[in-house]
Amino acid sequence: MLKPYTHEPFTDFTVEENRKAIEDAIQKVENELGQNHDLLVGGERISTDDKIVSVNPSNKEEVIGTVSKANKEIAEKAIETADKAFQTWKYTKAQDRANILMRAANIVRRRKHEFSAYLIKEAGKPWKEADADTAEAIDFMEYYARQMIELDKGKPVNSRQGELNRYMYVPTGVTVTISPWNFAFAIMAGTTVAPLVTGNTVLLKPASTTPVVAAKFVEVLEEAGVPAGVINFVPGSGKEVGDVLVDHPKTSLITFTGSRDVGTRLWERAAKVQEGQTHLKRVIVEMGGKDTVVVDKEADLDLAAESIVVSAFGFSGQKCSAGSRAVVHEDVYDEVLERVVKLTNELTVGDPVDNKYMGPVIDQAAYDKIMSYIEIGKEEGRLAAGGEGDDSKGFFIKPTVFADVDINSRLQQEEIFGPVVGFTKAKDFDHALELANNSEYGLTGAVISKNRANLDKATLGFHVGNLYFNRNCTGAIVGYQPFGGFNMSGTDSKAGGPDYLALHMQAKTVSEMY
């Protein structure tokens with residue numbers, strides 16, 4: 001009997017046994033660095049001369065691995081292969097597809113610290129963040145497997161005398177998964193296995209900065225029993241490979257996580273009906289966020305400061321859910337700011353192999369962009385903490401706090417995707433909600449308050465897809481806090497929720513007369 005879903009436990013690294021396990025895993029991964037990873041099309045490994053070189057963002061001289069780079073011809077071949085595989089995979093029993101996911105979850109669970117070690121080295125994730133990333137990947141597989149078993153039963157509809165009506169869900173077709181680097185395992189895995197378990201075939205194009213962990217996961221899927229052609233691994237450039245995959249008339253579904261600019265461009269391209277296309281493409285996009293922690297005057301101020309720091313600086317602020325804005329009631333503004341600055345100055349920054357609180361940002365482009373915003377912040381606000389960076393060996397930036405920033409400033413409106421938080425003062429709680437809603441995004445938000453009436457007001461009045469009370473605004477757990485945002489944050493797909501798999505399928509009604 002299948003046990004009810006519960007999320008994968010996080011590892012307690014204060015336990016010596018667990019510390020040794022992750023240290024041993026890091027050593028194992030370090031001994032494997034530099035290997036080449038091929039493309040996978042129709043079960044065939046393909047090596048190309050053109051390679052993606054994945055480097056350690058903590059140490060620019062250390063190569064994590066090289067990954068063959070797909071081109072237009074390979075991308076087109078992969079789509080044709082996936083389309084052919086779909087003709088049989090779509091008839092596979094839902095239970096069998098779910099079993100594959102559960103086998104894959106168990107494989108990853110047995111190698112949990114190894115995958116976390118790859119995230120530490122390739123994505124620059126601290127131990128705790130890497131462990132949570134791996135746990136979330138396991139959660140997606142376990143949760144979606146169970147969801148598919150339930151979805152396969154269809155939904156009840158009425159029938160008249162002498163009539164049987166059935167309402168069911170059927171697969172959609174060839175799916176293109178374009179995954180991000182910030183949750184290089186969790187989101188990559190979740191947006192790959194969701195279309196797989198719903199009977200679709202997948203072309204996985206991972207982020208070019210973190211392709212090795214994706215290659216490792218594809219190997220897991222093969223080991224778990226995903227047939228040839230059902231999963232295809234085609235990393236490559238967005239313009240050369242991504243556009244081909246999105247535009248192709250046989251592509252049925254596109255699932256993307258990344259920036260607003262790329263997401264809206266993809267949405268526009270997918271809307272165009274290509275020659276030979278017989279369907280309208282479905283698009284699931286998760287884009288950016290400019291997320292706010294609101295602090296009421298009736299709040300636990302220690303909790304408020306901790307929530308702001310965790311929201312802003314976890315994984316160096318490289319989360320679409322990161323709390324990059326703090327809107328604080330004027331009565332407690334100075335005290336909350338003081339406490340945040342104190343906590344911020346206590347954070348450790350360095351190579352995550354050494355279990356620092358904050359590691360590097362992902363690459364030179366990210367470093368340059370974040371440092372440019374810090375310079376903007378110095379003009380738009382008052383620097384209260386941090387503001388310094390060092391890219392001599394890796395891409396390290398100190399956690400940075402700006403005070404007295406206008407809500408309409410660039411610092412408070414544009415997604416920085418780094419360890420920077422701006423403070424804005426609110427006159428009262430209604431004004432705080434008005435400031436928090438002043439954004440083109442609507443992904444996450446948090447309210448720290450002991451006032452129940454104000455929390456109730458925020459429930460509908462704070463326009464975000466994921467709203468948290470008296471805690472940080474990051475760290476959604478699969479099956480507990482389904483994730484997705486409003487406005488320019490995306491299609492509010494609610495990944496890890498009860499409605500998500502149906503987005504990958506088509507509803508079908510069958511009516512029979514007796």
# chains A, B, ... in the order shown; residues from 1 in each chain; ligands from 1
>>> residues_around(residues="Ala305 of chain A", least_positions_apart="3", cutoff="12 Å", atoms="only C-alpha atoms", output="PyMOL selection string")
chain A and resi 293-295+299-302+308-312+323+326-328+332-344+423+447-448+470-472
>>> write_last_selection(atoms="N, CA and C atoms", output="mmCIF file, in the first residue's frame")
data_model
loop_
_atom_site.group_PDB
_atom_site.id
_atom_site.type_symbol
_atom_site.label_atom_id
_atom_site.label_comp_id
_atom_site.auth_asym_id
_atom_site.auth_seq_id
_atom_site.Cartn_x
_atom_site.Cartn_y
_atom_site.Cartn_z
ATOM 1 N N VAL A 293 8.707 41.854 2.550
ATOM 2 C CA VAL A 293 8.372 41.501 3.926
ATOM 3 C C VAL A 293 7.805 42.760 4.583
ATOM 4 N N VAL A 294 6.559 42.678 4.981
ATOM 5 C CA VAL A 294 5.881 43.801 5.641
ATOM 6 C C VAL A 294 5.961 43.596 7.155
ATOM 7 N N VAL A 295 6.381 44.627 7.867
ATOM 8 C CA VAL A 295 6.464 44.557 9.326
ATOM 9 C C VAL A 295 5.496 45.569 9.926
ATOM 10 N N ALA A 299 4.308 43.737 16.119
ATOM 11 C CA ALA A 299 5.037 42.573 15.613
ATOM 12 C C ALA A 299 6.125 42.171 16.590
ATOM 13 N N ASP A 300 6.504 40.920 16.521
ATOM 14 C CA ASP A 300 7.692 40.441 17.226
ATOM 15 C C ASP A 300 8.891 40.935 16.416
ATOM 16 N N LEU A 301 9.616 41.889 16.934
ATOM 17 C CA LEU A 301 10.656 42.550 16.147
ATOM 18 C C LEU A 301 11.871 41.649 15.906
ATOM 19 N N ASP A 302 12.152 40.748 16.832
ATOM 20 C CA ASP A 302 13.233 39.785 16.585
ATOM 21 C C ASP A 302 12.853 38.862 15.436
ATOM 22 N N ILE A 308 13.371 38.955 7.671
ATOM 23 C CA ILE A 308 13.921 39.795 6.600
ATOM 24 C C ILE A 308 15.280 39.259 6.154
ATOM 25 N N VAL A 309 16.129 38.915 7.098
ATOM 26 C CA VAL A 309 17.478 38.443 6.771
ATOM 27 C C VAL A 309 17.436 37.107 6.030
ATOM 28 N N VAL A 310 16.641 36.178 6.527
ATOM 29 C CA VAL A 310 16.526 34.868 5.864
ATOM 30 C C VAL A 310 15.942 35.023 4.466
ATOM 31 N N SER A 311 14.914 35.859 4.334
ATOM 32 C CA SER A 311 14.266 36.063 3.031
ATOM 33 C C SER A 311 15.201 36.715 2.026
ATOM 34 N N ALA A 312 16.015 37.651 2.505
ATOM 35 C CA ALA A 312 16.873 38.425 1.601
ATOM 36 C C ALA A 312 18.160 37.706 1.231
ATOM 37 N N GLY A 323 13.083 37.930 -0.438
ATOM 38 C CA GLY A 323 12.519 39.186 0.068
ATOM 39 C C GLY A 323 13.490 40.328 -0.126
ATOM 40 N N ALA A 326 11.871 45.394 2.245
ATOM 41 C CA ALA A 326 11.291 45.399 3.587
ATOM 42 C C ALA A 326 10.488 46.683 3.737
ATOM 43 N N VAL A 327 9.198 46.540 3.951
ATOM 44 C CA VAL A 327 8.318 47.683 4.188
ATOM 45 C C VAL A 327 7.924 47.645 5.657
ATOM 46 N N VAL A 328 8.377 48.645 6.416
ATOM 47 C CA VAL A 328 8.281 48.602 7.869
ATOM 48 C C VAL A 328 7.516 49.818 8.394
ATOM 49 N N VAL A 332 8.279 51.365 14.220
ATOM 50 C CA VAL A 332 9.298 50.362 14.580
ATOM 51 C C VAL A 332 10.423 50.295 13.549
ATOM 52 N N TYR A 333 10.394 51.195 12.596
ATOM 53 C CA TYR A 333 11.336 51.168 11.466
ATOM 54 C C TYR A 333 12.788 51.166 11.931
ATOM 55 N N ASP A 334 13.166 52.123 12.759
ATOM 56 C CA ASP A 334 14.571 52.246 13.166
ATOM 57 C C ASP A 334 15.042 51.021 13.937
ATOM 58 N N GLU A 335 14.170 50.511 14.797
ATOM 59 C CA GLU A 335 14.560 49.359 15.610
ATOM 60 C C GLU A 335 14.714 48.099 14.761
ATOM 61 N N VAL A 336 13.797 47.886 13.829
ATOM 62 C CA VAL A 336 13.897 46.717 12.948
ATOM 63 C C VAL A 336 15.145 46.826 12.071
ATOM 64 N N LEU A 337 15.385 48.009 11.515
ATOM 65 C CA LEU A 337 16.571 48.218 10.686
ATOM 66 C C LEU A 337 17.841 47.921 11.479
ATOM 67 N N GLU A 338 17.907 48.392 12.702
ATOM 68 C CA GLU A 338 19.090 48.170 13.537
ATOM 69 C C GLU A 338 19.313 46.673 13.763
ATOM 70 N N ARG A 339 18.245 45.962 14.053
ATOM 71 C CA ARG A 339 18.373 44.525 14.298
ATOM 72 C C ARG A 339 18.776 43.771 13.032
ATOM 73 N N VAL A 340 18.231 44.172 11.887
ATOM 74 C CA VAL A 340 18.601 43.530 10.616
ATOM 75 C C VAL A 340 20.067 43.769 10.298
ATOM 76 N N VAL A 341 20.540 44.981 10.484
ATOM 77 C CA VAL A 341 21.948 45.292 10.220
ATOM 78 C C VAL A 341 22.852 44.451 11.114
ATOM 79 N N LYS A 342 22.473 44.305 12.369
ATOM 80 C CA LYS A 342 23.279 43.498 13.298
ATOM 81 C C LYS A 342 23.342 42.038 12.838
ATOM 82 N N LEU A 343 22.212 41.462 12.496
ATOM 83 C CA LEU A 343 22.175 40.071 12.025
ATOM 84 C C LEU A 343 22.937 39.911 10.714
ATOM 85 N N THR A 344 22.789 40.899 9.839
ATOM 86 C CA THR A 344 23.457 40.842 8.534
ATOM 87 C C THR A 344 24.966 40.835 8.695
ATOM 88 N N PHE A 423 15.017 49.020 2.427
ATOM 89 C CA PHE A 423 14.018 49.343 3.447
ATOM 90 C C PHE A 423 13.213 50.565 3.020
ATOM 91 N N VAL A 447 4.045 38.898 5.986
ATOM 92 C CA VAL A 447 3.576 39.914 6.924
ATOM 93 C C VAL A 447 3.937 39.456 8.329
ATOM 94 N N ILE A 448 4.626 40.304 9.055
ATOM 95 C CA ILE A 448 4.974 40.024 10.441
ATOM 96 C C ILE A 448 4.094 40.911 11.318
ATOM 97 N N ASN A 470 4.114 35.763 9.625
ATOM 98 C CA ASN A 470 5.025 35.549 10.747
ATOM 99 C C ASN A 470 6.094 34.494 10.465
ATOM 100 N N ARG A 471 6.692 34.625 9.300
ATOM 101 C CA ARG A 471 7.813 33.795 8.860
ATOM 102 C C ARG A 471 8.419 34.443 7.624
ATOM 103 N N ASN A 472 9.477 33.854 7.120
ATOM 104 C CA ASN A 472 10.107 34.372 5.905
ATOM 105 C C ASN A 472 9.257 34.062 4.680
#
>>> residues_around(residues="segment 127-132 of chain A", least_positions_apart="6", cutoff="7 Å", atoms="only C-alpha atoms", output="ChimeraX atom specification")
/A:10-11,116,119-120,315,352,355
>>> residues_around(residues="segment 148-164 of chain A", least_positions_apart="3", cutoff="7 Å", atoms="only C-alpha atoms", output="list in words")
Ala94, Gln95, Ala98, Tyr144, Ala145, Tyr167, Met168, Tyr169, Val197, Thr198, Ser511, Glu512, Met513 and Tyr514 of chain A
>>> write_last_selection(atoms="C-alpha atoms", output="PDB file, in the first residue's frame")
ATOM      1  CA  ALA A  94      -0.536   5.916 -15.059  1.00  0.00           C
ATOM      2  CA  GLN A  95       0.458   3.558 -12.258  1.00  0.00           C
ATOM      3  CA  ALA A  98       4.091   6.811 -11.228  1.00  0.00           C
ATOM      4  CA  TYR A 144       3.474  13.963  -8.498  1.00  0.00           C
ATOM      5  CA  ALA A 145       3.510  10.149  -8.571  1.00  0.00           C
ATOM      6  CA  TYR A 167     -14.490  12.889 -17.515  1.00  0.00           C
ATOM      7  CA  MET A 168     -10.813  12.018 -17.827  1.00  0.00           C
ATOM      8  CA  TYR A 169      -7.399  13.493 -18.517  1.00  0.00           C
ATOM      9  CA  VAL A 197       4.245  11.188 -15.313  1.00  0.00           C
ATOM     10  CA  THR A 198       1.278  12.703 -17.152  1.00  0.00           C
ATOM     11  CA  SER A 511     -20.384   9.697 -23.256  1.00  0.00           C
ATOM     12  CA  GLU A 512     -21.913   6.271 -23.920  1.00  0.00           C
ATOM     13  CA  MET A 513     -25.604   5.384 -24.420  1.00  0.00           C
ATOM     14  CA  TYR A 514     -26.980   1.983 -23.448  1.00  0.00           C
TER      15      TYR A 514
END
>>> closest_residue(among="A:Arg110, A:Lys450, A:Arg103, A:Arg325", to="Val401 of chain A", atoms="only C-alpha atoms")
A:Arg325
>>> residues_around(residues="Asp261 of chain A", least_positions_apart="2", cutoff="12 Å", atoms="only C-alpha atoms", output="count of residues only")
18
>>> closest_atom_pairs(of="segment 99-207 of chain A", to="segment 16-28 of chain A", cutoff="8 Å", atoms="only C-alpha atoms", output="tab-separated table")
residue	atom	partner	partner_atom	distance
A:His113	CA	A:Ile22	CA	5.5
A:Glu114	CA	A:Ala25	CA	5.0
A:Ser116	CA	A:Ile22	CA	7.9
A:Ala117	CA	A:Ile26	CA	4.9
A:Tyr118	CA	A:Ile26	CA	7.6
>>> write_last_selection(atoms="C-alpha atoms", output="short mmCIF file (atom, residue, chain, number, x, y, z; two decimals), in the first residue's frame")
data_model
loop_
_atom_site.label_atom_id
_atom_site.label_comp_id
_atom_site.auth_asym_id
_atom_site.auth_seq_id
_atom_site.Cartn_x
_atom_site.Cartn_y
_atom_site.Cartn_z
CA HIS A 113 24.32 13.87 -0.21
CA GLU A 114 26.02 13.24 -3.56
CA SER A 116 23.70 18.03 -2.69
CA ALA A 117 27.47 18.02 -3.13
CA TYR A 118 27.05 18.69 -6.85
#
>>> closest_residue(among="A:Pro57, A:Gly238, A:Pro9, A:Gly461", to="Asp391 of chain A", atoms="only C-alpha atoms")
A:Pro57
